[in-house]
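Novice: Please find target_2.cif (mmCIF, N, CA and C atoms and all ligand atoms) on the next line:
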data_upload
loop_
_atom_site.label_atom_id
_atom_site.label_comp_id
_atom_site.auth_asym_id
_atom_site.auth_seq_id
_atom_site.Cartn_x
_atom_site.Cartn_y
_atom_site.Cartn_z
N MET D 1 9.15 100.65 13.31
CA MET D 1 7.75 100.96 13.60
C MET D 1 6.86 100.36 12.51
N LYS D 2 5.83 99.60 12.95
CA LYS D 2 4.90 98.99 11.99
C LYS D 2 3.63 99.83 11.90
N LEU D 3 3.26 100.16 10.69
CA LEU D 3 2.11 101.04 10.46
C LEU D 3 1.07 100.34 9.60
N ILE D 4 -0.18 100.75 9.77
CA ILE D 4 -1.27 100.20 8.96
C ILE D 4 -2.18 101.37 8.54
N VAL D 5 -2.63 101.35 7.31
CA VAL D 5 -3.45 102.45 6.80
C VAL D 5 -4.70 101.89 6.13
N ALA D 6 -5.75 102.70 6.11
CA ALA D 6 -6.98 102.33 5.40
C ALA D 6 -7.76 103.60 5.10
N SER D 7 -8.65 103.49 4.13
CA SER D 7 -9.50 104.64 3.79
C SER D 7 -10.82 104.14 3.24
N ASP D 8 -11.78 105.04 3.13
CA ASP D 8 -12.97 104.78 2.32
C ASP D 8 -12.73 105.40 0.94
N HIS D 9 -13.77 105.43 0.11
CA HIS D 9 -13.59 105.96 -1.25
C HIS D 9 -13.20 107.44 -1.23
N ALA D 10 -13.71 108.18 -0.24
CA ALA D 10 -13.45 109.62 -0.19
C ALA D 10 -12.04 109.95 0.30
N GLY D 11 -11.35 108.95 0.83
CA GLY D 11 -10.00 109.18 1.33
C GLY D 11 -8.92 108.44 0.56
N ARG D 12 -9.32 107.81 -0.55
CA ARG D 12 -8.38 106.90 -1.21
C ARG D 12 -7.17 107.61 -1.81
N ARG D 13 -7.36 108.84 -2.32
CA ARG D 13 -6.21 109.53 -2.94
C ARG D 13 -5.20 109.97 -1.89
N LEU D 14 -5.71 110.49 -0.78
CA LEU D 14 -4.78 110.89 0.28
C LEU D 14 -4.13 109.68 0.92
N LYS D 15 -4.89 108.59 1.06
CA LYS D 15 -4.27 107.37 1.60
C LYS D 15 -3.13 106.92 0.71
N ARG D 16 -3.31 106.97 -0.60
CA ARG D 16 -2.26 106.60 -1.55
C ARG D 16 -1.03 107.50 -1.35
N ALA D 17 -1.26 108.79 -1.19
CA ALA D 17 -0.14 109.72 -0.98
C ALA D 17 0.58 109.41 0.34
N VAL D 18 -0.17 109.07 1.37
CA VAL D 18 0.43 108.72 2.66
C VAL D 18 1.29 107.45 2.51
N LEU D 19 0.74 106.47 1.80
CA LEU D 19 1.48 105.22 1.57
C LEU D 19 2.79 105.48 0.84
N VAL D 20 2.71 106.25 -0.23
CA VAL D 20 3.92 106.55 -1.03
C VAL D 20 4.94 107.28 -0.16
N HIS D 21 4.46 108.24 0.61
CA HIS D 21 5.34 109.03 1.48
C HIS D 21 6.03 108.14 2.52
N LEU D 22 5.26 107.28 3.16
CA LEU D 22 5.82 106.45 4.22
C LEU D 22 6.78 105.40 3.65
N ALA D 23 6.42 104.86 2.50
CA ALA D 23 7.31 103.87 1.86
C ALA D 23 8.64 104.52 1.50
N ALA D 24 8.59 105.75 1.02
CA ALA D 24 9.82 106.47 0.66
C ALA D 24 10.69 106.72 1.89
N LYS D 25 10.05 106.79 3.04
CA LYS D 25 10.79 107.01 4.30
C LYS D 25 11.27 105.69 4.90
N GLY D 26 10.91 104.58 4.26
CA GLY D 26 11.40 103.28 4.71
C GLY D 26 10.54 102.57 5.74
N PHE D 27 9.33 103.07 5.96
CA PHE D 27 8.44 102.43 6.94
C PHE D 27 7.81 101.17 6.34
N GLU D 28 7.57 100.20 7.22
CA GLU D 28 6.80 99.02 6.85
C GLU D 28 5.32 99.38 7.03
N VAL D 29 4.55 99.38 5.95
CA VAL D 29 3.16 99.82 6.02
C VAL D 29 2.25 98.80 5.36
N ARG D 30 1.21 98.39 6.06
CA ARG D 30 0.19 97.51 5.47
C ARG D 30 -1.00 98.35 5.03
N ASP D 31 -1.50 98.06 3.85
CA ASP D 31 -2.66 98.77 3.30
C ASP D 31 -3.88 97.86 3.40
N LEU D 32 -4.84 98.26 4.23
CA LEU D 32 -6.06 97.45 4.41
C LEU D 32 -7.13 97.79 3.38
N GLY D 33 -6.86 98.67 2.45
CA GLY D 33 -7.86 99.10 1.47
C GLY D 33 -8.44 100.44 1.88
N VAL D 34 -9.29 100.96 1.16
CA VAL D 34 -9.95 100.49 -0.03
C VAL D 34 -8.98 100.60 -1.21
N ASP D 35 -9.28 99.89 -2.29
CA ASP D 35 -8.40 99.99 -3.44
C ASP D 35 -8.65 101.32 -4.16
N ASP D 36 -8.06 101.50 -5.31
CA ASP D 36 -8.12 102.81 -5.96
C ASP D 36 -9.39 103.04 -6.77
N SER D 37 -10.36 102.13 -6.68
CA SER D 37 -11.60 102.35 -7.43
C SER D 37 -12.43 103.43 -6.75
N THR D 38 -13.36 103.99 -7.50
CA THR D 38 -14.17 105.08 -6.94
C THR D 38 -15.50 104.56 -6.37
N GLU D 39 -15.66 103.24 -6.35
CA GLU D 39 -16.91 102.67 -5.82
C GLU D 39 -17.07 103.02 -4.34
N ARG D 40 -18.32 103.16 -3.93
CA ARG D 40 -18.62 103.50 -2.55
C ARG D 40 -18.02 102.47 -1.59
N ALA D 41 -17.39 102.97 -0.55
CA ALA D 41 -16.83 102.10 0.50
C ALA D 41 -17.18 102.75 1.83
N ASP D 42 -17.89 102.02 2.70
CA ASP D 42 -18.36 102.61 3.94
C ASP D 42 -17.25 102.63 4.99
N TYR D 43 -17.02 103.81 5.57
CA TYR D 43 -15.85 103.96 6.45
C TYR D 43 -15.79 102.98 7.63
N PRO D 44 -16.94 102.56 8.24
CA PRO D 44 -16.80 101.62 9.36
C PRO D 44 -16.19 100.28 8.93
N ASP D 45 -16.39 99.91 7.66
CA ASP D 45 -15.86 98.63 7.18
C ASP D 45 -14.34 98.64 7.11
N TYR D 46 -13.75 99.82 7.18
CA TYR D 46 -12.29 99.94 7.15
C TYR D 46 -11.74 100.39 8.50
N ALA D 47 -12.49 101.23 9.19
CA ALA D 47 -12.02 101.72 10.50
C ALA D 47 -11.96 100.60 11.53
N ARG D 48 -13.00 99.77 11.56
CA ARG D 48 -13.08 98.73 12.59
C ARG D 48 -11.93 97.72 12.47
N PRO D 49 -11.72 97.11 11.30
CA PRO D 49 -10.62 96.14 11.22
C PRO D 49 -9.26 96.76 11.50
N LEU D 50 -9.05 97.98 11.05
CA LEU D 50 -7.77 98.62 11.35
C LEU D 50 -7.63 98.85 12.85
N ALA D 51 -8.68 99.34 13.49
CA ALA D 51 -8.61 99.59 14.93
C ALA D 51 -8.39 98.30 15.71
N GLU D 52 -8.98 97.22 15.25
CA GLU D 52 -8.78 95.93 15.93
C GLU D 52 -7.32 95.48 15.84
N GLU D 53 -6.72 95.69 14.70
CA GLU D 53 -5.30 95.30 14.52
C GLU D 53 -4.40 96.14 15.42
N VAL D 54 -4.68 97.43 15.48
CA VAL D 54 -3.84 98.31 16.31
C VAL D 54 -4.08 98.02 17.80
N ALA D 55 -5.34 97.86 18.19
CA ALA D 55 -5.65 97.59 19.60
C ALA D 55 -5.05 96.26 20.05
N ALA D 56 -4.93 95.31 19.13
CA ALA D 56 -4.34 94.01 19.46
C ALA D 56 -2.82 94.08 19.52
N GLY D 57 -2.25 95.22 19.18
CA GLY D 57 -0.79 95.38 19.26
C GLY D 57 -0.05 94.86 18.05
N LYS D 58 -0.79 94.54 16.97
CA LYS D 58 -0.10 94.02 15.78
C LYS D 58 0.61 95.13 15.01
N TYR D 59 0.17 96.36 15.23
CA TYR D 59 0.80 97.53 14.59
C TYR D 59 0.99 98.61 15.64
N ASP D 60 2.02 99.41 15.46
CA ASP D 60 2.30 100.47 16.43
C ASP D 60 1.30 101.62 16.27
N LEU D 61 1.03 101.98 15.03
CA LEU D 61 0.14 103.10 14.76
C LEU D 61 -0.68 102.81 13.50
N GLY D 62 -1.89 103.39 13.47
CA GLY D 62 -2.74 103.29 12.30
C GLY D 62 -3.08 104.67 11.77
N ILE D 63 -3.35 104.73 10.48
CA ILE D 63 -3.78 105.98 9.85
C ILE D 63 -5.03 105.68 9.03
N LEU D 64 -6.10 106.42 9.29
CA LEU D 64 -7.38 106.25 8.60
C LEU D 64 -7.71 107.53 7.85
N VAL D 65 -8.18 107.40 6.63
CA VAL D 65 -8.54 108.58 5.85
C VAL D 65 -9.97 108.42 5.29
N CYS D 66 -10.79 109.42 5.53
CA CYS D 66 -12.10 109.49 4.87
C CYS D 66 -12.28 110.92 4.37
N GLY D 67 -13.50 111.33 4.10
CA GLY D 67 -13.68 112.68 3.58
C GLY D 67 -13.31 113.74 4.60
N THR D 68 -13.77 113.54 5.82
CA THR D 68 -13.53 114.53 6.88
C THR D 68 -12.63 114.04 8.01
N GLY D 69 -12.45 112.75 8.14
CA GLY D 69 -11.74 112.17 9.28
C GLY D 69 -12.68 111.83 10.43
N THR D 70 -13.87 112.42 10.43
CA THR D 70 -14.78 112.27 11.57
C THR D 70 -15.35 110.85 11.68
N GLY D 71 -15.90 110.35 10.59
CA GLY D 71 -16.50 109.02 10.64
C GLY D 71 -15.48 107.95 11.00
N MET D 72 -14.30 108.05 10.43
CA MET D 72 -13.24 107.07 10.73
C MET D 72 -12.89 107.10 12.21
N ALA D 73 -12.74 108.30 12.77
CA ALA D 73 -12.38 108.40 14.19
C ALA D 73 -13.50 107.85 15.07
N MET D 74 -14.75 108.19 14.73
CA MET D 74 -15.88 107.69 15.52
C MET D 74 -15.94 106.17 15.52
N ALA D 75 -15.80 105.58 14.34
CA ALA D 75 -15.89 104.12 14.24
C ALA D 75 -14.70 103.44 14.93
N ALA D 76 -13.51 103.98 14.74
CA ALA D 76 -12.32 103.36 15.36
C ALA D 76 -12.41 103.41 16.88
N ASN D 77 -12.95 104.49 17.41
CA ASN D 77 -12.98 104.65 18.87
C ASN D 77 -14.01 103.75 19.55
N LYS D 78 -14.80 103.02 18.79
CA LYS D 78 -15.70 102.01 19.38
C LYS D 78 -14.95 100.75 19.77
N ILE D 79 -13.74 100.60 19.28
CA ILE D 79 -12.96 99.39 19.56
C ILE D 79 -12.13 99.62 20.82
N PRO D 80 -12.33 98.80 21.86
CA PRO D 80 -11.54 98.98 23.09
C PRO D 80 -10.03 98.93 22.79
N GLY D 81 -9.32 99.88 23.32
CA GLY D 81 -7.87 99.93 23.11
C GLY D 81 -7.47 100.81 21.94
N ALA D 82 -8.45 101.20 21.13
CA ALA D 82 -8.17 102.13 20.02
C ALA D 82 -8.37 103.55 20.52
N ARG D 83 -7.41 104.39 20.23
CA ARG D 83 -7.51 105.82 20.59
C ARG D 83 -7.23 106.62 19.31
N ALA D 84 -8.31 106.97 18.63
CA ALA D 84 -8.17 107.65 17.34
C ALA D 84 -8.40 109.15 17.51
N ALA D 85 -7.59 109.94 16.84
CA ALA D 85 -7.70 111.40 16.89
C ALA D 85 -7.77 111.95 15.46
N ASN D 86 -8.80 112.74 15.22
CA ASN D 86 -8.95 113.41 13.92
C ASN D 86 -8.17 114.72 13.99
N CYS D 87 -7.10 114.82 13.26
CA CYS D 87 -6.19 115.97 13.41
C CYS D 87 -6.15 116.81 12.13
N THR D 88 -6.20 118.11 12.32
CA THR D 88 -6.19 119.03 11.18
C THR D 88 -4.95 119.93 11.18
N CYS D 89 -4.06 119.71 12.14
CA CYS D 89 -2.81 120.47 12.13
C CYS D 89 -1.75 119.65 12.87
N GLU D 90 -0.50 120.06 12.71
CA GLU D 90 0.60 119.33 13.32
C GLU D 90 0.53 119.37 14.84
N PHE D 91 0.09 120.50 15.39
CA PHE D 91 0.01 120.62 16.85
C PHE D 91 -0.95 119.57 17.43
N LEU D 92 -2.12 119.46 16.80
CA LEU D 92 -3.07 118.46 17.27
C LEU D 92 -2.49 117.05 17.19
N ALA D 93 -1.78 116.77 16.12
CA ALA D 93 -1.19 115.44 15.95
C ALA D 93 -0.15 115.16 17.03
N ARG D 94 0.69 116.15 17.30
CA ARG D 94 1.73 115.98 18.31
C ARG D 94 1.12 115.79 19.70
N MET D 95 0.13 116.60 20.00
CA MET D 95 -0.50 116.51 21.33
C MET D 95 -1.33 115.24 21.48
N ALA D 96 -1.91 114.79 20.40
CA ALA D 96 -2.69 113.54 20.46
C ALA D 96 -1.80 112.38 20.89
N ARG D 97 -0.56 112.39 20.44
CA ARG D 97 0.38 111.34 20.88
C ARG D 97 0.91 111.66 22.28
N ALA D 98 1.37 112.89 22.49
CA ALA D 98 2.08 113.24 23.73
C ALA D 98 1.17 113.17 24.95
N HIS D 99 -0.06 113.64 24.84
CA HIS D 99 -0.95 113.71 26.00
C HIS D 99 -2.02 112.62 26.00
N ASN D 100 -2.46 112.19 24.84
CA ASN D 100 -3.58 111.25 24.76
C ASN D 100 -3.18 109.85 24.32
N ASN D 101 -1.91 109.66 24.05
CA ASN D 101 -1.40 108.36 23.60
C ASN D 101 -2.24 107.80 22.45
N ALA D 102 -2.65 108.68 21.55
CA ALA D 102 -3.42 108.23 20.39
C ALA D 102 -2.60 107.20 19.61
N ASN D 103 -3.29 106.16 19.19
CA ASN D 103 -2.59 105.15 18.38
C ASN D 103 -3.14 105.09 16.95
N ILE D 104 -4.12 105.93 16.67
CA ILE D 104 -4.66 106.02 15.31
C ILE D 104 -4.85 107.49 14.95
N LEU D 105 -4.37 107.85 13.78
CA LEU D 105 -4.55 109.20 13.24
C LEU D 105 -5.65 109.15 12.19
N ALA D 106 -6.64 110.01 12.32
CA ALA D 106 -7.68 110.13 11.29
C ALA D 106 -7.46 111.42 10.53
N LEU D 107 -7.60 111.35 9.21
CA LEU D 107 -7.38 112.51 8.34
C LEU D 107 -8.57 112.67 7.40
N GLY D 108 -8.84 113.90 7.01
CA GLY D 108 -9.92 114.19 6.07
C GLY D 108 -9.36 114.67 4.74
N GLU D 109 -9.56 113.87 3.71
CA GLU D 109 -9.05 114.26 2.39
C GLU D 109 -9.73 115.51 1.86
N ARG D 110 -11.01 115.72 2.24
CA ARG D 110 -11.74 116.89 1.76
C ARG D 110 -11.46 118.13 2.60
N VAL D 111 -10.64 117.96 3.62
CA VAL D 111 -10.34 119.05 4.55
C VAL D 111 -8.92 119.56 4.35
N LEU D 112 -8.00 118.63 4.11
CA LEU D 112 -6.58 118.94 4.15
C LEU D 112 -5.95 118.90 2.76
N GLY D 113 -5.06 119.82 2.51
CA GLY D 113 -4.18 119.69 1.35
C GLY D 113 -3.19 118.57 1.61
N GLU D 114 -2.65 118.02 0.53
CA GLU D 114 -1.76 116.86 0.69
C GLU D 114 -0.51 117.19 1.50
N ALA D 115 0.09 118.34 1.25
CA ALA D 115 1.34 118.69 1.95
C ALA D 115 1.10 118.82 3.44
N LEU D 116 0.00 119.47 3.82
CA LEU D 116 -0.32 119.59 5.25
C LEU D 116 -0.60 118.22 5.85
N ALA D 117 -1.34 117.40 5.13
CA ALA D 117 -1.66 116.06 5.64
C ALA D 117 -0.39 115.26 5.90
N LEU D 118 0.55 115.34 5.00
CA LEU D 118 1.80 114.58 5.18
C LEU D 118 2.62 115.14 6.34
N ASP D 119 2.57 116.46 6.56
CA ASP D 119 3.24 117.05 7.73
C ASP D 119 2.57 116.56 9.02
N ILE D 120 1.25 116.43 8.99
CA ILE D 120 0.51 115.92 10.15
C ILE D 120 0.92 114.47 10.44
N VAL D 121 1.02 113.69 9.39
CA VAL D 121 1.47 112.29 9.54
C VAL D 121 2.86 112.25 10.18
N GLU D 122 3.75 113.09 9.68
CA GLU D 122 5.13 113.13 10.21
C GLU D 122 5.11 113.49 11.70
N ALA D 123 4.32 114.50 12.05
CA ALA D 123 4.27 114.95 13.44
C ALA D 123 3.72 113.85 14.34
N PHE D 124 2.71 113.14 13.86
CA PHE D 124 2.09 112.07 14.65
C PHE D 124 3.10 110.94 14.90
N ILE D 125 3.81 110.56 13.87
CA ILE D 125 4.76 109.45 13.99
C ILE D 125 5.96 109.84 14.88
N ALA D 126 6.37 111.08 14.77
CA ALA D 126 7.59 111.50 15.49
C ALA D 126 7.34 111.72 16.98
N ALA D 127 6.11 112.01 17.37
CA ALA D 127 5.83 112.33 18.77
C ALA D 127 5.77 111.06 19.61
N SER D 128 5.87 111.25 20.94
CA SER D 128 5.73 110.08 21.82
C SER D 128 4.96 110.47 23.08
N PHE D 129 4.34 109.47 23.68
CA PHE D 129 3.49 109.67 24.85
C PHE D 129 4.33 110.07 26.05
N GLU D 130 3.85 111.07 26.77
CA GLU D 130 4.59 111.58 27.94
C GLU D 130 4.28 110.82 29.22
N GLY D 131 3.21 110.04 29.24
CA GLY D 131 2.89 109.25 30.43
C GLY D 131 2.53 110.11 31.63
N GLY D 132 2.83 109.61 32.83
CA GLY D 132 2.61 110.36 34.07
C GLY D 132 1.15 110.74 34.26
N ARG D 133 0.89 112.02 34.49
CA ARG D 133 -0.47 112.48 34.74
C ARG D 133 -1.41 112.17 33.57
N HIS D 134 -0.83 112.10 32.37
CA HIS D 134 -1.66 111.81 31.20
C HIS D 134 -2.15 110.35 31.22
N GLN D 135 -1.31 109.46 31.71
CA GLN D 135 -1.74 108.05 31.83
C GLN D 135 -2.87 107.94 32.84
N ALA D 136 -2.78 108.68 33.93
CA ALA D 136 -3.85 108.63 34.95
C ALA D 136 -5.18 109.07 34.34
N ARG D 137 -5.14 110.04 33.46
CA ARG D 137 -6.38 110.51 32.81
C ARG D 137 -6.91 109.46 31.83
N LEU D 138 -5.99 108.84 31.10
CA LEU D 138 -6.42 107.78 30.17
C LEU D 138 -7.02 106.61 30.94
N ASP D 139 -6.46 106.32 32.11
CA ASP D 139 -7.00 105.23 32.94
C ASP D 139 -8.45 105.52 33.31
N LYS D 140 -8.77 106.80 33.49
CA LYS D 140 -10.15 107.16 33.85
C LYS D 140 -11.11 106.96 32.66
N ILE D 141 -10.59 107.02 31.45
CA ILE D 141 -11.42 106.73 30.29
C ILE D 141 -11.71 105.23 30.24
N GLY D 142 -10.68 104.43 30.53
CA GLY D 142 -10.80 102.98 30.42
C GLY D 142 -10.69 102.54 28.98
N GLY D 143 -10.64 101.22 28.78
CA GLY D 143 -10.57 100.65 27.41
C GLY D 143 -9.28 101.00 26.75
C1 LIG O 201 -18.27 109.94 2.38
O1 LIG O 201 -19.10 110.67 1.55
C2 LIG O 201 -18.03 110.70 3.69
O2 LIG O 201 -19.23 110.87 4.38
C3 LIG O 201 -17.01 109.98 4.55
O3 LIG O 201 -15.83 109.84 3.84
C4 LIG O 201 -16.59 110.68 5.84
O4 LIG O 201 -16.28 112.01 5.60
C5 LIG O 201 -17.46 110.50 6.99
O5 LIG O 201 -17.12 110.90 8.11
#
Here is the file; what I need is its structure written in the form of structure tokens.
Specialist:
Amino acid sequence: MKLIVASDHAGRRLKRAVLVHLAAKGFEVRDLGVDDSTERADYPDYARPLAEEVAAGKYDLGILVCGTGTGMAMAANKIPGARAANCTCEFLARMARAHNNANILALGERVLGEALALDIVEAFIAASFEGGRHQARLDKIGG
């Protein structure tokens, strides 16, 4: 499974923890930035390129981190083919994959403790889309 991650300045510490966690698990992960500096980084500048890569099929799943997860999810969902879900618990992460075929997980560093965030990442990666009636609903969304 190929993964890609990105964050703004408010999500850089959690993004680093996600990267370390996934690397330890043996995943191939590309880091689109932001780097570890504390300089302001606007979330759309990271959400859009990541969403384009995922929507183009270059990566199986993407993970975006900002302060709340909201801005990243909003920006990513403007890209056709990107289905980003801002998840605050494992159940949401699992259902986002199983029912909504989400291909991008958005996380909020100012919302989640690191251990919970990593459990959410695990749940998102481990789940799979159930298809069937759920695909029919996604078809009605389009894009
Ligand atoms: C940055 O201050 C913050 O607004 C951003 O990381 C994010 O939470 C927006 O949705």
Novice: For ligand LIG 201 (chain O), collect every residue having any atom at a distance of at most 8 Å from a ligand atom (counting only C-alpha atoms and all ligand atoms); output as a count of residues only.
Specialist: 16
Novice: Select, from D:Gly142, D:Arg30, D:Val5, D:Glu109, the residue with the minimum atom-to-atom distance to D:Thr88, counting only C-alpha atoms.
Specialist: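 Among the listed residues, the smallest separation from D:Thr88 belongs to D:Glu109.
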Novice: Find the residue from D:Leu64, D:Val18, D:Ala85, D:Gly132 that sits nearest to D:Ala117; use all atoms listed in the file when measuring.
Specialist: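 Nearest to D:Ala117: D:Val18.
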Novice: Mind checking DSSP for stretch 47-131 of chain D and telling me the alpha helix (DSSP H) residues as number ranges by chain?
Specialist: D: 47-55, 70-76, 90-98, 114-126
Novice: Using all atoms listed in the file, which of the listed residues (D:Glu28, D:Asp139, D:Asp45, D:Glu53) sits closest to D:Met1?
Specialist: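 Using all atoms listed in the file, D:Met1 sits closest to D:Glu28.
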Novice: For atom C of D:Leu50 and atom N of D:Leu138, quote the distance in Å rounded to one decimal.
Specialist: 20.9 Å
Novice: To test your reading of the structure, identify every residue in chain D that backbone DSSP assigns to strand (DSSP E or B), and report it as a short mmCIF file (atom, residue, chain, number, x, y, z; two decimals) with N, CA and C atoms, in the frame of the given file.
Specialist:
data_model
loop_
_atom_site.label_atom_id
_atom_site.label_comp_id
_atom_site.auth_asym_id
_atom_site.auth_seq_id
_atom_site.Cartn_x
_atom_site.Cartn_y
_atom_site.Cartn_z
N LYS D 2 5.83 99.60 12.95
CA LYS D 2 4.90 98.99 11.99
C LYS D 2 3.63 99.83 11.90
N LEU D 3 3.26 100.16 10.69
CA LEU D 3 2.11 101.04 10.46
C LEU D 3 1.07 100.34 9.60
N ILE D 4 -0.18 100.75 9.77
CA ILE D 4 -1.27 100.20 8.96
C ILE D 4 -2.18 101.37 8.54
N VAL D 5 -2.63 101.35 7.31
CA VAL D 5 -3.45 102.45 6.80
C VAL D 5 -4.70 101.89 6.13
N ALA D 6 -5.75 102.70 6.11
CA ALA D 6 -6.98 102.33 5.40
C ALA D 6 -7.76 103.60 5.10
N SER D 7 -8.65 103.49 4.13
CA SER D 7 -9.50 104.64 3.79
C SER D 7 -10.82 104.14 3.24
N GLU D 28 7.57 100.20 7.22
CA GLU D 28 6.80 99.02 6.85
C GLU D 28 5.32 99.38 7.03
N VAL D 29 4.55 99.38 5.95
CA VAL D 29 3.16 99.82 6.02
C VAL D 29 2.25 98.80 5.36
N ARG D 30 1.21 98.39 6.06
CA ARG D 30 0.19 97.51 5.47
C ARG D 30 -1.00 98.35 5.03
N ASP D 31 -1.50 98.06 3.85
CA ASP D 31 -2.66 98.77 3.30
C ASP D 31 -3.88 97.86 3.40
N LEU D 61 1.03 101.98 15.03
CA LEU D 61 0.14 103.10 14.76
C LEU D 61 -0.68 102.81 13.50
N GLY D 62 -1.89 103.39 13.47
CA GLY D 62 -2.74 103.29 12.30
C GLY D 62 -3.08 104.67 11.77
N ILE D 63 -3.35 104.73 10.48
CA ILE D 63 -3.78 105.98 9.85
C ILE D 63 -5.03 105.68 9.03
N LEU D 64 -6.10 106.42 9.29
CA LEU D 64 -7.38 106.25 8.60
C LEU D 64 -7.71 107.53 7.85
N VAL D 65 -8.18 107.40 6.63
CA VAL D 65 -8.54 108.58 5.85
C VAL D 65 -9.97 108.42 5.29
N CYS D 66 -10.79 109.42 5.53
CA CYS D 66 -12.10 109.49 4.87
C CYS D 66 -12.28 110.92 4.37
N ALA D 84 -8.31 106.97 18.63
CA ALA D 84 -8.17 107.65 17.34
C ALA D 84 -8.40 109.15 17.51
N ALA D 85 -7.59 109.94 16.84
CA ALA D 85 -7.70 111.40 16.89
C ALA D 85 -7.77 111.95 15.46
N ASN D 86 -8.80 112.74 15.22
CA ASN D 86 -8.95 113.41 13.92
C ASN D 86 -8.17 114.72 13.99
N ILE D 104 -4.12 105.93 16.67
CA ILE D 104 -4.66 106.02 15.31
C ILE D 104 -4.85 107.49 14.95
N LEU D 105 -4.37 107.85 13.78
CA LEU D 105 -4.55 109.20 13.24
C LEU D 105 -5.65 109.15 12.19
N ALA D 106 -6.64 110.01 12.32
CA ALA D 106 -7.68 110.13 11.29
C ALA D 106 -7.46 111.42 10.53
N LEU D 107 -7.60 111.35 9.21
CA LEU D 107 -7.38 112.51 8.34
C LEU D 107 -8.57 112.67 7.40
N GLY D 108 -8.84 113.90 7.01
CA GLY D 108 -9.92 114.19 6.07
C GLY D 108 -9.36 114.67 4.74
#
Novice: Emit as AutoDock Vina command-line options the padded axis-aligned box for all listed atoms of stretch 121-129 of chain D, 6 Å per side, with centre and edge lengths in Å to one decimal.
Specialist:
--center_x 4.3 --center_y 112.2 --center_z 17.7 --size_x 18.6 --size_y 17.5 --size_z 28.7
Novice: When you count only N, CA and C atoms, which of these residues is closest to D:Ala93: D:Leu118, D:Val111, D:Met74, D:Ile125?
Specialist: D:Ile125
Novice: Please, could N, CA, C and O atoms be added to stretch 47-58 of chain D and the result written as an mmCIF file, in the coordinates of the input?
Specialist:
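And here's result.cif as it stands now:
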data_model
loop_
_atom_site.group_PDB
_atom_site.id
_atom_site.type_symbol
_atom_site.label_atom_id
_atom_site.label_comp_id
_atom_site.auth_asym_id
_atom_site.auth_seq_id
_atom_site.Cartn_x
_atom_site.Cartn_y
_atom_site.Cartn_z
ATOM 1 N N ALA D 47 -12.490 101.230 9.190
ATOM 2 C CA ALA D 47 -12.020 101.720 10.500
ATOM 3 C C ALA D 47 -11.960 100.600 11.530
ATOM 4 O O ALA D 47 -10.992 100.488 12.289
ATOM 5 N N ARG D 48 -13.000 99.770 11.560
ATOM 6 C CA ARG D 48 -13.080 98.730 12.590
ATOM 7 C C ARG D 48 -11.930 97.720 12.470
ATOM 8 O O ARG D 48 -11.233 97.478 13.463
ATOM 9 N N PRO D 49 -11.720 97.110 11.300
ATOM 10 C CA PRO D 49 -10.620 96.140 11.220
ATOM 11 C C PRO D 49 -9.260 96.760 11.500
ATOM 12 O O PRO D 49 -8.409 96.126 12.147
ATOM 13 N N LEU D 50 -9.050 97.980 11.050
ATOM 14 C CA LEU D 50 -7.770 98.620 11.350
ATOM 15 C C LEU D 50 -7.630 98.850 12.850
ATOM 16 O O LEU D 50 -6.575 98.547 13.448
ATOM 17 N N ALA D 51 -8.680 99.340 13.490
ATOM 18 C CA ALA D 51 -8.610 99.590 14.930
ATOM 19 C C ALA D 51 -8.390 98.300 15.710
ATOM 20 O O ALA D 51 -7.664 98.295 16.717
ATOM 21 N N GLU D 52 -8.980 97.220 15.250
ATOM 22 C CA GLU D 52 -8.780 95.930 15.930
ATOM 23 C C GLU D 52 -7.320 95.480 15.840
ATOM 24 O O GLU D 52 -6.755 94.984 16.807
ATOM 25 N N GLU D 53 -6.720 95.690 14.700
ATOM 26 C CA GLU D 53 -5.300 95.300 14.520
ATOM 27 C C GLU D 53 -4.400 96.140 15.420
ATOM 28 O O GLU D 53 -3.481 95.619 16.055
ATOM 29 N N VAL D 54 -4.680 97.430 15.480
ATOM 30 C CA VAL D 54 -3.840 98.310 16.310
ATOM 31 C C VAL D 54 -4.080 98.020 17.800
ATOM 32 O O VAL D 54 -3.128 97.911 18.583
ATOM 33 N N ALA D 55 -5.340 97.860 18.190
ATOM 34 C CA ALA D 55 -5.650 97.590 19.600
ATOM 35 C C ALA D 55 -5.050 96.260 20.050
ATOM 36 O O ALA D 55 -4.675 96.116 21.224
ATOM 37 N N ALA D 56 -4.930 95.310 19.130
ATOM 38 C CA ALA D 56 -4.340 94.010 19.460
ATOM 39 C C ALA D 56 -2.820 94.080 19.520
ATOM 40 O O ALA D 56 -2.155 93.080 19.842
ATOM 41 N N GLY D 57 -2.250 95.220 19.180
ATOM 42 C CA GLY D 57 -0.790 95.380 19.260
ATOM 43 C C GLY D 57 -0.050 94.860 18.050
ATOM 44 O O GLY D 57 1.184 94.762 18.074
ATOM 45 N N LYS D 58 -0.790 94.540 16.970
ATOM 46 C CA LYS D 58 -0.100 94.020 15.780
ATOM 47 C C LYS D 58 0.610 95.130 15.010
ATOM 48 O O LYS D 58 1.483 94.864 14.189
#
